[in-house]
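Below is the file query17.cif, which contains mmCIF, C-alpha atoms.
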```
data_protein
#
loop_
_atom_site.label_atom_id
_atom_site.label_comp_id
_atom_site.auth_asym_id
_atom_site.auth_seq_id
_atom_site.Cartn_x
_atom_site.Cartn_y
_atom_site.Cartn_z
CA MET X 1 86.72 123.41 119.05
CA ALA X 2 87.07 122.67 115.36
CA LEU X 3 86.23 119.02 115.93
CA SER X 4 82.98 119.74 117.70
CA LEU X 5 82.06 122.21 115.02
CA ARG X 6 82.37 119.41 112.50
CA GLU X 7 80.26 117.18 114.72
CA TYR X 8 77.52 119.76 114.83
CA ARG X 9 77.62 120.16 111.09
CA ALA X 10 77.17 116.39 110.70
CA LYS X 11 74.23 116.46 113.09
CA ILE X 12 72.59 119.27 111.17
CA LYS X 13 73.03 117.34 107.93
CA SER X 14 71.45 114.17 109.27
CA THR X 15 68.60 116.09 110.86
CA GLU X 16 68.02 117.79 107.54
CA SER X 17 67.74 114.51 105.69
CA MET X 18 65.46 113.19 108.44
CA LYS X 19 63.29 116.22 107.94
CA LYS X 20 63.11 115.53 104.23
CA ILE X 21 61.95 111.99 104.90
CA THR X 22 59.28 112.92 107.42
CA ARG X 23 58.13 115.73 105.17
CA ALA X 24 57.72 113.29 102.28
CA MET X 25 55.80 110.87 104.50
CA GLU X 26 53.56 113.69 105.62
CA LEU X 27 52.75 114.62 102.04
CA ILE X 28 52.14 111.01 101.04
CA ALA X 29 49.77 110.50 103.96
CA ALA X 30 47.96 113.72 103.14
CA SER X 31 47.36 112.69 99.54
CA ARG X 32 46.25 109.22 100.56
CA ILE X 33 43.73 110.50 103.09
CA ILE X 34 41.72 112.07 100.31
CA LYS X 35 41.63 108.74 98.51
CA ALA X 36 40.68 106.93 101.70
CA GLN X 37 37.88 109.38 102.32
CA GLN X 38 36.63 108.91 98.79
CA ARG X 39 36.63 105.16 99.29
CA ALA X 40 34.65 105.55 102.49
CA GLN X 41 32.17 107.75 100.66
CA ALA X 42 31.92 105.31 97.76
CA ALA X 43 31.09 102.52 100.18
CA ALA X 44 28.34 104.50 101.88
CA PRO X 45 25.52 103.84 99.33
CA TYR X 46 25.91 100.10 99.73
CA ALA X 47 25.78 100.32 103.51
CA ARG X 48 22.78 102.64 103.33
CA GLU X 49 20.79 100.41 100.98
CA LEU X 50 21.69 97.35 102.97
CA THR X 51 20.54 98.96 106.20
CA ARG X 52 17.30 99.96 104.52
CA ALA X 53 16.73 96.44 103.32
CA VAL X 54 17.51 94.89 106.69
CA SER X 55 15.16 97.22 108.49
CA ALA X 56 12.53 96.52 105.83
CA VAL X 57 12.69 92.81 106.52
CA ALA X 58 12.89 93.40 110.24
CA SER X 59 9.80 95.58 110.30
CA HIS X 60 7.69 93.16 108.26
CA SER X 61 8.50 89.86 109.75
CA LYS X 62 9.42 88.80 113.18
CA VAL X 63 13.18 88.89 113.33
CA ASP X 64 14.18 85.60 114.72
CA HIS X 65 17.55 84.77 113.37
CA PRO X 66 20.57 83.16 114.99
CA LEU X 67 22.60 86.29 114.30
CA THR X 68 20.22 88.53 116.21
CA THR X 69 19.40 86.33 119.20
CA GLU X 70 21.09 87.08 122.45
CA VAL X 71 22.64 84.17 124.26
CA ARG X 72 21.07 84.02 127.66
CA THR X 73 24.25 83.54 129.63
CA PRO X 74 27.11 84.75 127.48
CA LYS X 75 30.40 83.20 128.52
CA ARG X 76 32.84 84.16 125.83
CA ALA X 77 33.22 87.32 123.83
CA ALA X 78 35.26 87.90 120.71
CA ILE X 79 36.93 91.25 120.24
CA LEU X 80 38.12 92.33 116.81
CA VAL X 81 40.80 94.99 117.09
CA ILE X 82 41.63 97.00 113.98
CA THR X 83 45.20 98.34 114.08
CA SER X 84 47.66 99.45 111.47
CA ASP X 85 50.32 97.47 109.65
CA ARG X 86 52.96 100.14 109.93
CA GLY X 87 54.11 102.46 112.66
CA LEU X 88 55.08 106.10 112.49
CA ALA X 89 51.51 107.12 113.04
CA GLY X 90 51.84 108.57 116.49
CA ALA X 91 49.62 107.03 119.13
CA TYR X 92 47.25 105.56 116.56
CA SER X 93 47.74 101.85 117.25
CA SER X 94 48.37 102.18 120.93
CA SER X 95 45.21 104.16 121.55
CA VAL X 96 43.11 101.55 119.75
CA LEU X 97 44.79 98.84 121.79
CA LYS X 98 44.16 100.79 124.99
CA GLU X 99 40.50 101.11 124.11
CA ALA X 100 40.41 97.37 123.39
CA GLU X 101 41.97 96.61 126.77
CA ARG X 102 39.38 98.79 128.46
CA LEU X 103 36.60 96.95 126.67
CA ALA X 104 38.16 93.60 127.58
CA GLU X 105 38.34 94.67 131.21
CA ARG X 106 34.64 95.51 131.16
CA VAL X 107 33.69 92.30 129.41
CA ARG X 108 35.74 90.28 131.90
CA GLY X 109 33.99 92.16 134.69
CA GLU X 110 30.74 90.76 133.34
CA GLY X 111 32.17 87.28 133.76
CA LYS X 112 33.02 86.57 130.13
CA GLU X 113 36.25 85.34 128.66
CA VAL X 114 37.81 87.17 125.78
CA ASP X 115 39.01 85.82 122.44
CA TRP X 116 41.11 88.20 120.41
CA TYR X 117 40.86 88.72 116.67
CA ILE X 118 43.43 91.13 115.32
CA THR X 119 43.96 92.96 112.08
CA GLY X 120 47.20 94.83 111.43
CA ARG X 121 50.80 93.94 112.23
CA LYS X 122 51.05 96.41 115.09
CA GLY X 123 48.29 94.68 117.02
CA GLU X 124 49.77 91.29 116.18
CA ALA X 125 53.17 92.37 117.50
CA TYR X 126 51.59 93.79 120.66
CA PHE X 127 50.02 90.44 121.52
CA LYS X 128 53.00 88.38 120.48
CA PHE X 129 55.33 90.45 122.64
CA ARG X 130 53.11 89.87 125.65
CA GLN X 131 52.74 86.21 124.72
CA ARG X 132 48.99 86.41 124.82
CA PRO X 133 46.93 84.00 122.76
CA VAL X 134 45.15 85.32 119.69
CA ALA X 135 42.35 83.50 117.91
CA ARG X 136 43.13 84.84 114.45
CA THR X 137 45.01 87.62 112.74
CA TRP X 138 44.81 89.29 109.36
CA THR X 139 47.54 91.58 108.11
CA GLY X 140 48.76 93.45 105.09
CA PHE X 141 45.88 95.70 104.09
CA SER X 142 45.45 98.32 106.80
CA ASP X 143 45.73 101.41 104.60
CA GLN X 144 43.78 100.01 101.67
CA PRO X 145 41.22 97.48 102.86
CA SER X 146 39.25 95.62 100.20
CA TYR X 147 35.77 94.21 100.55
CA GLU X 148 37.11 90.68 100.13
CA VAL X 149 39.10 91.06 103.33
CA ALA X 150 36.08 92.40 105.17
CA ALA X 151 34.05 89.44 103.89
CA GLU X 152 36.69 87.00 105.10
CA ILE X 153 36.83 88.56 108.55
CA GLY X 154 33.05 88.69 108.67
CA ASN X 155 32.73 85.04 107.78
CA ALA X 156 35.26 84.00 110.42
CA LEU X 157 33.44 85.98 113.10
CA ILE X 158 30.00 84.72 112.03
CA GLU X 159 31.31 81.19 112.11
CA ALA X 160 32.60 81.69 115.65
CA PHE X 161 29.35 83.30 116.68
CA LEU X 162 27.19 80.50 115.30
CA LYS X 163 29.12 77.69 116.97
CA GLU X 164 27.28 75.62 119.54
CA PRO X 165 27.82 76.67 123.14
CA ASP X 166 30.73 74.86 124.79
CA GLU X 167 32.26 74.21 121.41
CA ASP X 168 35.84 75.32 121.00
CA GLY X 169 36.27 78.91 119.87
CA VAL X 170 32.64 79.89 120.29
CA ALA X 171 31.84 83.56 120.76
CA ASP X 172 28.57 84.60 122.36
CA GLU X 173 29.23 88.22 121.59
CA VAL X 174 31.36 89.95 119.02
CA HIS X 175 32.77 93.42 119.53
CA VAL X 176 34.80 95.57 117.16
CA VAL X 177 37.28 98.19 118.27
CA TYR X 178 38.34 100.59 115.55
CA THR X 179 39.26 104.24 115.15
CA ARG X 180 36.47 106.45 113.97
CA PHE X 181 37.43 109.20 111.57
CA ARG X 182 35.81 112.37 112.87
CA SER X 183 37.87 114.91 111.01
CA MET X 184 41.44 115.44 109.90
CA LEU X 185 42.24 116.53 113.43
CA THR X 186 40.31 114.12 115.60
CA GLN X 187 40.09 110.38 115.35
CA GLU X 188 38.69 108.51 118.27
CA PRO X 189 39.02 104.86 119.14
CA THR X 190 35.53 103.41 119.29
CA ALA X 191 34.11 100.10 120.45
CA MET X 192 30.89 98.75 118.98
CA ARG X 193 29.01 95.54 119.43
CA LEU X 194 28.69 93.71 116.16
CA MET X 195 26.80 90.58 117.11
CA PRO X 196 24.18 89.77 118.26
CA LEU X 197 22.97 92.30 115.74
CA GLU X 198 20.80 95.05 116.99
CA VAL X 199 18.25 95.72 114.33
CA VAL X 200 18.59 99.36 113.52
CA GLU X 201 14.92 100.01 113.12
CA GLY X 202 13.35 101.38 116.28
CA VAL X 203 16.40 103.31 117.42
CA GLU X 204 15.24 106.34 115.52
CA LYS X 205 11.67 106.88 114.52
CA PRO X 206 11.70 107.05 110.72
CA ALA X 207 10.44 110.31 109.29
CA GLU X 208 7.18 110.29 107.34
CA ALA X 209 8.98 110.15 104.01
CA ASP X 210 11.19 107.29 105.11
CA LEU X 211 8.30 105.01 105.96
CA LEU X 212 9.11 101.67 104.48
CA PRO X 213 6.74 100.26 101.92
CA LEU X 214 5.20 96.83 102.16
CA TYR X 215 7.71 94.59 100.49
CA GLU X 216 7.16 91.31 98.81
CA PHE X 217 9.93 88.92 99.69
CA GLU X 218 11.26 86.32 97.35
CA PRO X 219 11.70 83.49 98.10
CA SER X 220 10.60 84.18 101.70
CA PRO X 221 11.35 86.76 104.41
CA SER X 222 13.43 84.34 106.42
CA GLU X 223 15.53 83.29 103.45
CA VAL X 224 16.09 86.89 102.46
CA LEU X 225 17.13 87.63 105.99
CA ASP X 226 19.48 84.65 105.98
CA ALA X 227 21.27 86.12 103.01
CA LEU X 228 21.09 89.73 104.13
CA LEU X 229 22.44 89.53 107.65
CA PRO X 230 25.88 88.09 106.87
CA GLN X 231 26.29 90.76 104.20
CA TYR X 232 25.19 93.33 106.71
CA VAL X 233 27.86 92.15 109.14
CA GLN X 234 30.48 92.23 106.38
CA SER X 235 29.51 95.70 105.37
CA ARG X 236 29.76 96.92 108.97
CA ILE X 237 33.26 95.46 109.20
CA PHE X 238 34.17 97.00 105.85
CA PHE X 239 32.93 100.34 107.15
CA ALA X 240 35.09 99.97 110.27
CA LEU X 241 38.13 99.05 108.17
CA LEU X 242 37.68 102.06 105.91
CA GLN X 243 37.28 104.39 108.84
CA ALA X 244 40.36 102.92 110.46
CA ALA X 245 42.35 103.34 107.24
CA ALA X 246 41.43 107.01 106.97
CA SER X 247 42.21 107.53 110.65
CA GLU X 248 45.56 105.80 110.31
CA LEU X 249 46.58 108.08 107.48
CA ALA X 250 45.39 111.18 109.32
CA ALA X 251 47.29 110.10 112.43
CA ARG X 252 50.38 109.46 110.33
CA GLN X 253 50.12 112.83 108.67
CA LYS X 254 49.84 114.54 112.04
CA ALA X 255 52.73 112.59 113.54
CA MET X 256 54.92 113.27 110.55
CA LYS X 257 54.06 116.93 110.59
CA SER X 258 55.17 117.27 114.19
CA ALA X 259 58.28 115.24 113.41
CA THR X 260 59.10 117.66 110.62
CA ASP X 261 58.51 120.60 112.93
CA ASN X 262 60.74 119.04 115.57
CA ALA X 263 63.47 118.45 113.03
CA GLU X 264 63.27 122.10 112.05
CA GLU X 265 63.63 123.14 115.69
CA LEU X 266 66.62 120.85 116.10
CA ILE X 267 68.28 122.23 113.01
CA LYS X 268 67.83 125.73 114.34
CA LYS X 269 69.26 124.76 117.69
CA TYR X 270 72.26 122.96 116.23
CA THR X 271 72.93 125.80 113.84
CA ARG X 272 73.07 128.21 116.75
CA ILE X 273 75.44 126.01 118.73
CA ALA X 274 77.58 125.42 115.66
CA ASN X 275 77.78 129.14 115.00
CA GLN X 276 78.72 129.73 118.59
CA ALA X 277 81.44 127.11 118.37
CA ARG X 278 82.70 128.59 115.14
CA GLN X 279 82.71 132.08 116.67
CA ALA X 280 84.50 130.82 119.75
CA GLY X 281 87.14 129.25 117.52
CA ILE X 282 87.66 132.51 115.64
CA THR X 283 87.81 134.52 118.84
CA GLN X 284 90.39 132.17 120.22
CA GLU X 285 92.45 132.36 117.07
CA ILE X 286 92.34 136.14 117.12
CA SER X 287 93.27 136.33 120.77
CA GLU X 288 96.11 133.92 120.10
CA ILE X 289 97.37 136.09 117.26
CA VAL X 290 96.95 139.28 119.29
CA GLY X 291 98.68 137.63 122.23
CA GLY X 292 101.52 136.52 119.96
CA VAL X 293 101.88 139.98 118.45
CA ASN X 294 101.87 141.55 121.88
CA ALA X 295 104.44 139.10 123.11
CA LEU X 296 106.61 139.88 120.06
CA ALA X 297 106.14 143.60 120.60
CA ASP X 298 107.01 143.26 124.27
CA ALA X 299 110.11 141.24 123.43
CA ASN X 300 111.16 143.81 120.79
CA ALA X 301 110.50 146.69 123.20
CA GLY X 302 112.63 145.03 125.88
CA SER X 303 115.57 144.48 123.52
CA GLU X 304 115.65 148.09 122.35
CA MET W 1 9.13 104.16 74.81
CA ALA W 2 9.43 107.90 75.24
CA GLN W 3 8.35 108.42 78.77
CA ASP W 4 8.75 111.36 81.06
CA ASN W 5 11.01 110.96 84.03
CA GLY W 6 8.15 110.87 86.50
CA ASN W 7 7.28 107.50 85.11
CA ALA W 8 10.72 105.98 84.95
CA LEU W 9 12.66 103.82 87.33
CA HIS W 10 15.53 105.27 89.27
CA VAL W 11 18.11 102.54 89.24
CA GLU W 12 21.18 102.20 91.40
CA LEU W 13 23.54 99.37 90.78
CA VAL W 14 25.73 99.37 93.84
CA ALA W 15 28.75 97.25 94.67
CA ALA W 16 30.28 97.10 98.13
CA ASP W 17 32.96 99.65 97.36
CA ARG W 18 31.38 101.90 94.74
CA VAL W 19 28.29 102.85 92.79
CA VAL W 20 28.64 100.92 89.54
CA TRP W 21 25.82 102.58 87.63
CA SER W 22 22.99 104.86 88.51
CA GLY W 23 20.40 106.61 86.42
CA GLU W 24 16.92 106.52 84.98
CA ALA W 25 15.64 103.40 83.28
CA ASN W 26 12.55 101.90 81.72
CA MET W 27 13.21 98.33 82.68
CA VAL W 28 15.48 96.20 84.80
CA ILE W 29 15.91 92.49 84.28
CA ALA W 30 17.72 90.43 86.87
CA ARG W 31 17.93 86.79 87.80
CA THR W 32 16.78 85.97 91.30
CA THR W 33 16.84 82.66 93.08
CA GLU W 34 13.27 82.17 91.83
CA GLY W 35 14.04 82.93 88.20
CA ASP W 36 14.29 85.97 85.95
CA VAL W 37 12.45 89.06 87.08
CA GLY W 38 11.63 92.05 84.93
CA VAL W 39 10.88 95.28 86.74
CA LEU W 40 8.86 97.99 85.00
CA PRO W 41 7.84 101.35 86.45
CA GLY W 42 5.10 100.96 89.01
CA HIS W 43 6.26 97.56 90.21
CA ALA W 44 5.14 96.52 93.66
CA PRO W 45 7.75 96.81 96.42
CA MET W 46 9.91 93.75 96.36
CA LEU W 47 13.06 92.41 97.95
CA SER W 48 14.61 89.35 96.46
CA LEU W 49 17.88 87.51 96.31
CA LEU W 50 20.03 87.43 93.21
CA VAL W 51 22.19 84.63 91.93
CA HIS W 52 25.50 85.08 90.11
CA ALA W 53 24.09 86.34 86.87
CA VAL W 54 23.59 89.10 84.39
CA VAL W 55 21.64 92.24 85.24
CA GLU W 56 20.17 94.09 82.30
CA ILE W 57 19.04 97.70 82.51
CA VAL W 58 17.16 99.42 79.67
CA THR W 59 17.70 103.13 80.19
CA THR W 60 15.22 105.86 79.30
CA GLY W 61 17.42 106.58 76.29
CA ASP W 62 16.77 102.98 75.11
CA GLU W 63 20.34 102.04 75.72
CA VAL W 64 21.05 98.73 77.31
CA VAL W 65 23.41 98.53 80.25
CA ILE W 66 24.59 95.07 81.08
CA ALA W 67 26.41 94.07 84.21
CA ALA W 68 27.49 90.91 85.95
CA ALA W 69 26.61 90.68 89.63
CA ASP W 70 28.02 88.17 92.09
CA GLY W 71 24.91 87.45 94.07
CA GLY W 72 23.44 90.11 96.28
CA PHE W 73 19.89 91.32 96.12
CA LEU W 74 17.35 93.48 94.39
CA SER W 75 15.06 95.89 96.13
CA VAL W 76 12.21 97.74 94.47
CA ALA W 77 10.12 100.45 96.06
CA ASP W 78 8.45 103.61 94.76
CA ASN W 79 10.01 103.27 91.32
CA ARG W 80 13.42 103.04 92.91
CA VAL W 81 15.39 99.97 92.09
CA SER W 82 18.56 99.11 93.97
CA VAL W 83 20.68 96.23 92.86
CA LEU W 84 23.14 95.47 95.63
CA SER W 85 25.95 93.08 95.11
CA PRO W 86 29.23 92.58 96.97
CA HIS W 87 30.91 92.61 93.60
CA ALA W 88 29.52 93.90 90.31
CA LEU W 89 31.06 94.80 86.97
CA LEU W 90 29.68 96.53 83.91
CA SER W 91 30.08 94.60 80.68
CA ASN W 92 32.72 97.00 79.37
CA GLU W 93 34.79 96.57 82.53
CA ILE W 94 34.97 92.82 82.26
CA ASP W 95 38.10 91.15 81.04
CA VAL W 96 36.71 88.27 79.00
CA ASP W 97 39.98 86.42 78.73
CA ALA W 98 40.44 86.54 82.49
CA ALA W 99 36.89 85.32 82.96
CA ARG W 100 37.48 82.42 80.52
CA ALA W 101 40.67 81.54 82.37
CA ASP W 102 38.78 81.65 85.66
CA LEU W 103 36.17 79.35 84.18
CA GLU W 104 38.84 76.86 83.13
CA GLU W 105 40.32 77.00 86.60
CA ALA W 106 36.93 76.61 88.21
CA TYR W 107 36.30 73.39 86.30
CA ALA W 108 39.48 72.05 87.82
CA ILE W 109 38.31 72.57 91.41
CA VAL W 110 37.43 69.29 93.00
CA GLU W 111 35.22 70.57 95.83
CA PRO W 112 31.77 70.61 94.14
CA SER W 113 30.16 73.47 96.11
CA GLU W 114 33.14 75.76 95.73
CA ALA W 115 33.56 74.90 92.06
CA GLU W 116 29.95 75.76 91.34
CA ALA W 117 30.21 79.25 92.79
CA HIS W 118 33.35 79.94 90.78
CA ILE W 119 31.87 78.54 87.58
CA ARG W 120 28.69 80.57 88.00
CA ARG W 121 30.64 83.74 88.64
CA ALA W 122 32.87 83.31 85.59
CA GLU W 123 29.95 82.27 83.40
CA ALA W 124 27.94 85.31 84.44
CA ARG W 125 30.80 87.56 83.43
CA ILE W 126 31.28 85.88 80.07
CA ARG W 127 27.55 85.97 79.36
CA ALA W 128 27.41 89.67 80.23
CA VAL W 129 30.07 90.43 77.67
CA GLU W 130 28.46 88.22 75.03
CA ARG W 131 25.08 89.81 75.56
CA ALA W 132 26.56 93.29 75.30
CA SER W 133 28.37 92.69 72.05
#
```
Represent the supplied structure as structure tokens.
Amino acid sequence: MALSLREYRAKIKSTESMKKITRAMELIAASRIIKAQQRAQAAAPYARELTRAVSAVASHSKVDHPLTTEVRTPKRAAILVITSDRGLAGAYSSSVLKEAERLAERVRGEGKEVDWYITGRKGEAYFKFRQRPVARTWTGFSDQPSYEVAAEIGNALIEAFLKEPDEDGVADEVHVVYTRFRSMLTQEPTAMRLMPLEVVEGVEKPAEADLLPLYEFEPSPSEVLDALLPQYVQSRIFFALLQAAASELAARQKAMKSATDNAEELIKKYTRIANQARQAGITQEISEIVGGVNALADANAGSE
Amino acid sequence: MAQDNGNALHVELVAADRVVWSGEANMVIARTTEGDVGVLPGHAPMLSLLVHAVVEIVTTGDEVVIAAADGGFLSVADNRVSVLSPHALLSNEIDVDAARADLEEAYAIVEPSEAEAHIRRAEARIRAVERAS
């Protein structure tokens, strides 16, 4: 009995330190989410102005740009999957990957082959483990993405998209799968088509006040568009990365919170069992003593 | 140049990850691919591309805000000026020594097209600081 009591005490101790760790991780994630949200908010003006500018060009000149033209018979599609670098975030990475697989299934159903582009070590490991080929990976920034990284990813995808048909590594379509940050409680994996670009204008009728003025373009509408569209793509990717970062932290916070709660439960359970074991030990000791006394008393009584 | 706010430009200097400067101004000077452009209140709507260069903003308080922008573009409409650049720094945020070091490094790059972009970027930063001081 005494041995198992000691075992339980050791278990309680280790669960307690585990709880401390998960609790710390929860707090760290919670404080970082606020920062991530601020970053997402700080990036919003740029995206908004860029969208305005793109729709301004689009509404004044005929948009005929390689990045917006649909390939008539698309054969290959590139899918960019945004996962996390680190685990301990619950189902965060696996639900993005599941969504990506669903998208891939659909794309294959349309008769297209899929090239994978991955960000985050978790996604990289997932593909490596299954020995599936990956076109390119980027890692090491999932909780704090910078614009430079987004620009690099954007350029790689644009390059693939602009390759001649039948060339190696060409992508006729580019999709992005990332986790959208709805609120602290819900993050949903989302797939969006990045290229060919759908020009935003026309989706929603602009309100009277939002009517776009007649712009002068310098040097020329097409050259402005040439410069704008790649930046537009990069900013969309940056947006996805920021959303994913906030979602990752929220998922981690949630996972760590439930881990802490579980640890608490375990501690309670072990404490009860340990107390029981201790009590059983005491009871046994007492009954041994009482038994011994009785035996002595009996022996004495017999001798008298 | 004491003007009321109804007649001033609302300027937003926006980088990819933050708003670098925003406020009311009397004039914005920026360098586009076509040359220097000065924007005064009442300017016709315009969208043009910027090169790596200095952006100068004269605020309604007659202060001069100077920033270095790495390309991007300028859009003007209804007395609203947005300067968008993937990367922009105000003159007081620029580390001149780092910029000078970058310039030295850039001269060492063999690839001409790449070297030019680096040189321009570093030069724009140095010029922004020099203009501000």
Write out, as a Markdown table, each residue of chain X that has an atom at most 6 Å from chain W, together with the closest pair of atoms and their distance in Å to one decimal, counting all atoms listed in the file, rows going by chain and rising number.
```
| residue | atom | partner | partner_atom | distance |
| --- | --- | --- | --- | --- |
| X:Ala42 | CA | W:Arg18 | CA | 4.6 |
| X:Ala43 | CA | W:Asp17 | CA | 4.4 |
| X:Tyr46 | CA | W:Ala16 | CA | 5.5 |
| X:Tyr215 | CA | W:Pro45 | CA | 4.6 |
| X:Glu216 | CA | W:Met46 | CA | 4.4 |
| X:Phe217 | CA | W:Leu47 | CA | 5.0 |
| X:Glu218 | CA | W:Ser48 | CA | 4.6 |
```
Evaluate the PyMOL selection byres ((chain X and resi 153) around 10) and report residues as a compact mmCIF listing (two decimals) with C-alpha atoms, in the frame of the given file:
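Heads up, here's the output in part-v4.txt:
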```
# COMPACT_ATOMS: atom_id res chain seq x y z
CA LEU X 80 38.12 92.33 116.81
CA TYR X 117 40.86 88.72 116.67
CA ILE X 118 43.43 91.13 115.32
CA THR X 119 43.96 92.96 112.08
CA ARG X 136 43.13 84.84 114.45
CA THR X 137 45.01 87.62 112.74
CA TRP X 138 44.81 89.29 109.36
CA TYR X 147 35.77 94.21 100.55
CA GLU X 148 37.11 90.68 100.13
CA VAL X 149 39.10 91.06 103.33
CA ALA X 150 36.08 92.40 105.17
CA ALA X 151 34.05 89.44 103.89
CA GLU X 152 36.69 87.00 105.10
CA GLY X 154 33.05 88.69 108.67
CA ASN X 155 32.73 85.04 107.78
CA ALA X 156 35.26 84.00 110.42
CA LEU X 157 33.44 85.98 113.10
CA ILE X 158 30.00 84.72 112.03
CA GLU X 159 31.31 81.19 112.11
CA VAL X 233 27.86 92.15 109.14
CA GLN X 234 30.48 92.23 106.38
CA ILE X 237 33.26 95.46 109.20
CA PHE X 238 34.17 97.00 105.85
```
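Between atom CA of Ala301 of chain X and atom CA of Ile289 of chain X the separation is 17.9 Å.
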**OP:** Translate the PyMOL selection byres ((chain X and resi 23-31) around 12), as applied to the file shown, into an explicit residue set as a VMD selection string.
**Re:** chain X and resid 15 to 22 32 to 38 87 to 89 143 184 245 to 264
Selection export as a compact mmCIF listing (two decimals), in the frame of the given file, atoms kept: C-alpha atoms:
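Full text of part-v4.txt as output:
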```txt
# COMPACT_ATOMS: atom_id res chain seq x y z
CA THR X 15 68.60 116.09 110.86
CA GLU X 16 68.02 117.79 107.54
CA SER X 17 67.74 114.51 105.69
CA MET X 18 65.46 113.19 108.44
CA LYS X 19 63.29 116.22 107.94
CA LYS X 20 63.11 115.53 104.23
CA ILE X 21 61.95 111.99 104.90
CA THR X 22 59.28 112.92 107.42
CA ARG X 32 46.25 109.22 100.56
CA ILE X 33 43.73 110.50 103.09
CA ILE X 34 41.72 112.07 100.31
CA LYS X 35 41.63 108.74 98.51
CA ALA X 36 40.68 106.93 101.70
CA GLN X 37 37.88 109.38 102.32
CA GLN X 38 36.63 108.91 98.79
CA GLY X 87 54.11 102.46 112.66
CA LEU X 88 55.08 106.10 112.49
CA ALA X 89 51.51 107.12 113.04
CA ASP X 143 45.73 101.41 104.60
CA MET X 184 41.44 115.44 109.90
CA ALA X 245 42.35 103.34 107.24
CA ALA X 246 41.43 107.01 106.97
CA SER X 247 42.21 107.53 110.65
CA GLU X 248 45.56 105.80 110.31
CA LEU X 249 46.58 108.08 107.48
CA ALA X 250 45.39 111.18 109.32
CA ALA X 251 47.29 110.10 112.43
CA ARG X 252 50.38 109.46 110.33
CA GLN X 253 50.12 112.83 108.67
CA LYS X 254 49.84 114.54 112.04
CA ALA X 255 52.73 112.59 113.54
CA MET X 256 54.92 113.27 110.55
CA LYS X 257 54.06 116.93 110.59
CA SER X 258 55.17 117.27 114.19
CA ALA X 259 58.28 115.24 113.41
CA THR X 260 59.10 117.66 110.62
CA ASP X 261 58.51 120.60 112.93
CA ASN X 262 60.74 119.04 115.57
CA ALA X 263 63.47 118.45 113.03
CA GLU X 264 63.27 122.10 112.05
```
**OP:** Check the smallest atom-to-atom distance from each of X:Glu164, X:Phe239, X:Ala104, X:Pro66 to Pro45 of chain X using only C-alpha atoms, then report the winner.
**Re:** X:Phe239
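Between atom CA of Gly140 of chain X and atom CA of Gly120 of chain X lies a distance of 6.7 Å.
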Original post:
Hey, what's within 10 Å of Ile109 of chain W if we count all atoms listed in the file and toss same-chain stuff fewer than 5 positions away? As a ChimeraX atom specification, please?
Top reply: /W:104,114-116,118-119
**OP:** List every protein, DNA or RNA residue with an atom no more than 10 Å from (23.2, 84.5, 80.2) in the file's coordinates, counting only C-alpha atoms, and format the result as a count of residues only.
**Re:** 14
Subject >> Interatomic distance (Å, one decimal) between atom CA of Ile273 of chain X and atom CA of Ser14 of chain X >> reply: 15.7 Å
Original post:
Near Ile57 of chain W, counting all atoms listed in the file, which residues have an atom at most 9 Å away, once you skip same-chain residues fewer than 3 positions from it, shown as a ChimeraX atom specification?
Top reply: /W:11,25-30,63-67
Translate the PyMOL selection byres ((chain X and resi 268-270) around 12) into a concrete residue list for this structure, as a PDB file with C-alpha atoms, in the frame of the given file.
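This is the output file result_23.pdb:
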```pdb
ATOM      1  CA  SER X   4      82.980 119.740 117.700  1.00  0.00           C
ATOM      2  CA  LEU X   5      82.060 122.210 115.020  1.00  0.00           C
ATOM      3  CA  ARG X   6      82.370 119.410 112.500  1.00  0.00           C
ATOM      4  CA  GLU X   7      80.260 117.180 114.720  1.00  0.00           C
ATOM      5  CA  TYR X   8      77.520 119.760 114.830  1.00  0.00           C
ATOM      6  CA  ARG X   9      77.620 120.160 111.090  1.00  0.00           C
ATOM      7  CA  ALA X  10      77.170 116.390 110.700  1.00  0.00           C
ATOM      8  CA  LYS X  11      74.230 116.460 113.090  1.00  0.00           C
ATOM      9  CA  ILE X  12      72.590 119.270 111.170  1.00  0.00           C
ATOM     10  CA  LYS X  13      73.030 117.340 107.930  1.00  0.00           C
ATOM     11  CA  SER X  14      71.450 114.170 109.270  1.00  0.00           C
ATOM     12  CA  THR X  15      68.600 116.090 110.860  1.00  0.00           C
ATOM     13  CA  GLU X  16      68.020 117.790 107.540  1.00  0.00           C
ATOM     14  CA  ASP X 261      58.510 120.600 112.930  1.00  0.00           C
ATOM     15  CA  ASN X 262      60.740 119.040 115.570  1.00  0.00           C
ATOM     16  CA  ALA X 263      63.470 118.450 113.030  1.00  0.00           C
ATOM     17  CA  GLU X 264      63.270 122.100 112.050  1.00  0.00           C
ATOM     18  CA  GLU X 265      63.630 123.140 115.690  1.00  0.00           C
ATOM     19  CA  LEU X 266      66.620 120.850 116.100  1.00  0.00           C
ATOM     20  CA  ILE X 267      68.280 122.230 113.010  1.00  0.00           C
ATOM     21  CA  THR X 271      72.930 125.800 113.840  1.00  0.00           C
ATOM     22  CA  ARG X 272      73.070 128.210 116.750  1.00  0.00           C
ATOM     23  CA  ILE X 273      75.440 126.010 118.730  1.00  0.00           C
ATOM     24  CA  ALA X 274      77.580 125.420 115.660  1.00  0.00           C
ATOM     25  CA  ASN X 275      77.780 129.140 115.000  1.00  0.00           C
ATOM     26  CA  GLN X 276      78.720 129.730 118.590  1.00  0.00           C
ATOM     27  CA  ALA X 277      81.440 127.110 118.370  1.00  0.00           C
ATOM     28  CA  ARG X 278      82.700 128.590 115.140  1.00  0.00           C
TER      29      ARG X 278
END
```
